Amino acid sequence: MKHFGKDLHFISWIKRDGSGTIMIGSEWDSSKDYPKVDDVSYLDNDLFDLSILSLTNQTFIASGFNSFVVKIKKP
């Protein structure tokens with residue numbers, strides 16, 4: 001399943017080394033090696049491949065250049 005970033009509610013960013021996640025809205029620290037996660041509007045036009053993470057919580061892993069835990073916005 002594919003969705004644009006504007007259709008998704010971003011919950012957290014998945015670190016590339018697999019060591020965990022960073023919640024969206026976390027304070028930006030320019031000394032860290034990860035993208036700015038307090039404003040994800042720059043991802044609105046990016047197309048993501050979604051994989052189910054939890055059916056109960058209706059969460060997905062959105063993969064593109066980076067990977068995020070997301071929910072699909074309801075219309």
# chains A, B, ... in the order shown; residues from 1 in each chain; ligands from 1

$ select_by_dssp --residues "chain A" --states "helix (DSSP H, G or I)" --output "MDAnalysis selection string"
chainID A and resid 5:7 41:43

$ residues_around --residues "region 61-67 of chain A" --least-positions-apart "4" --cutoff "12 Å" --atoms "only C-alpha atoms" --output "NGL selection string"
:A and (1-5 or 7-18 or 20-22 or 34-37 or 40 or 43 or 45-55 or 71-72)
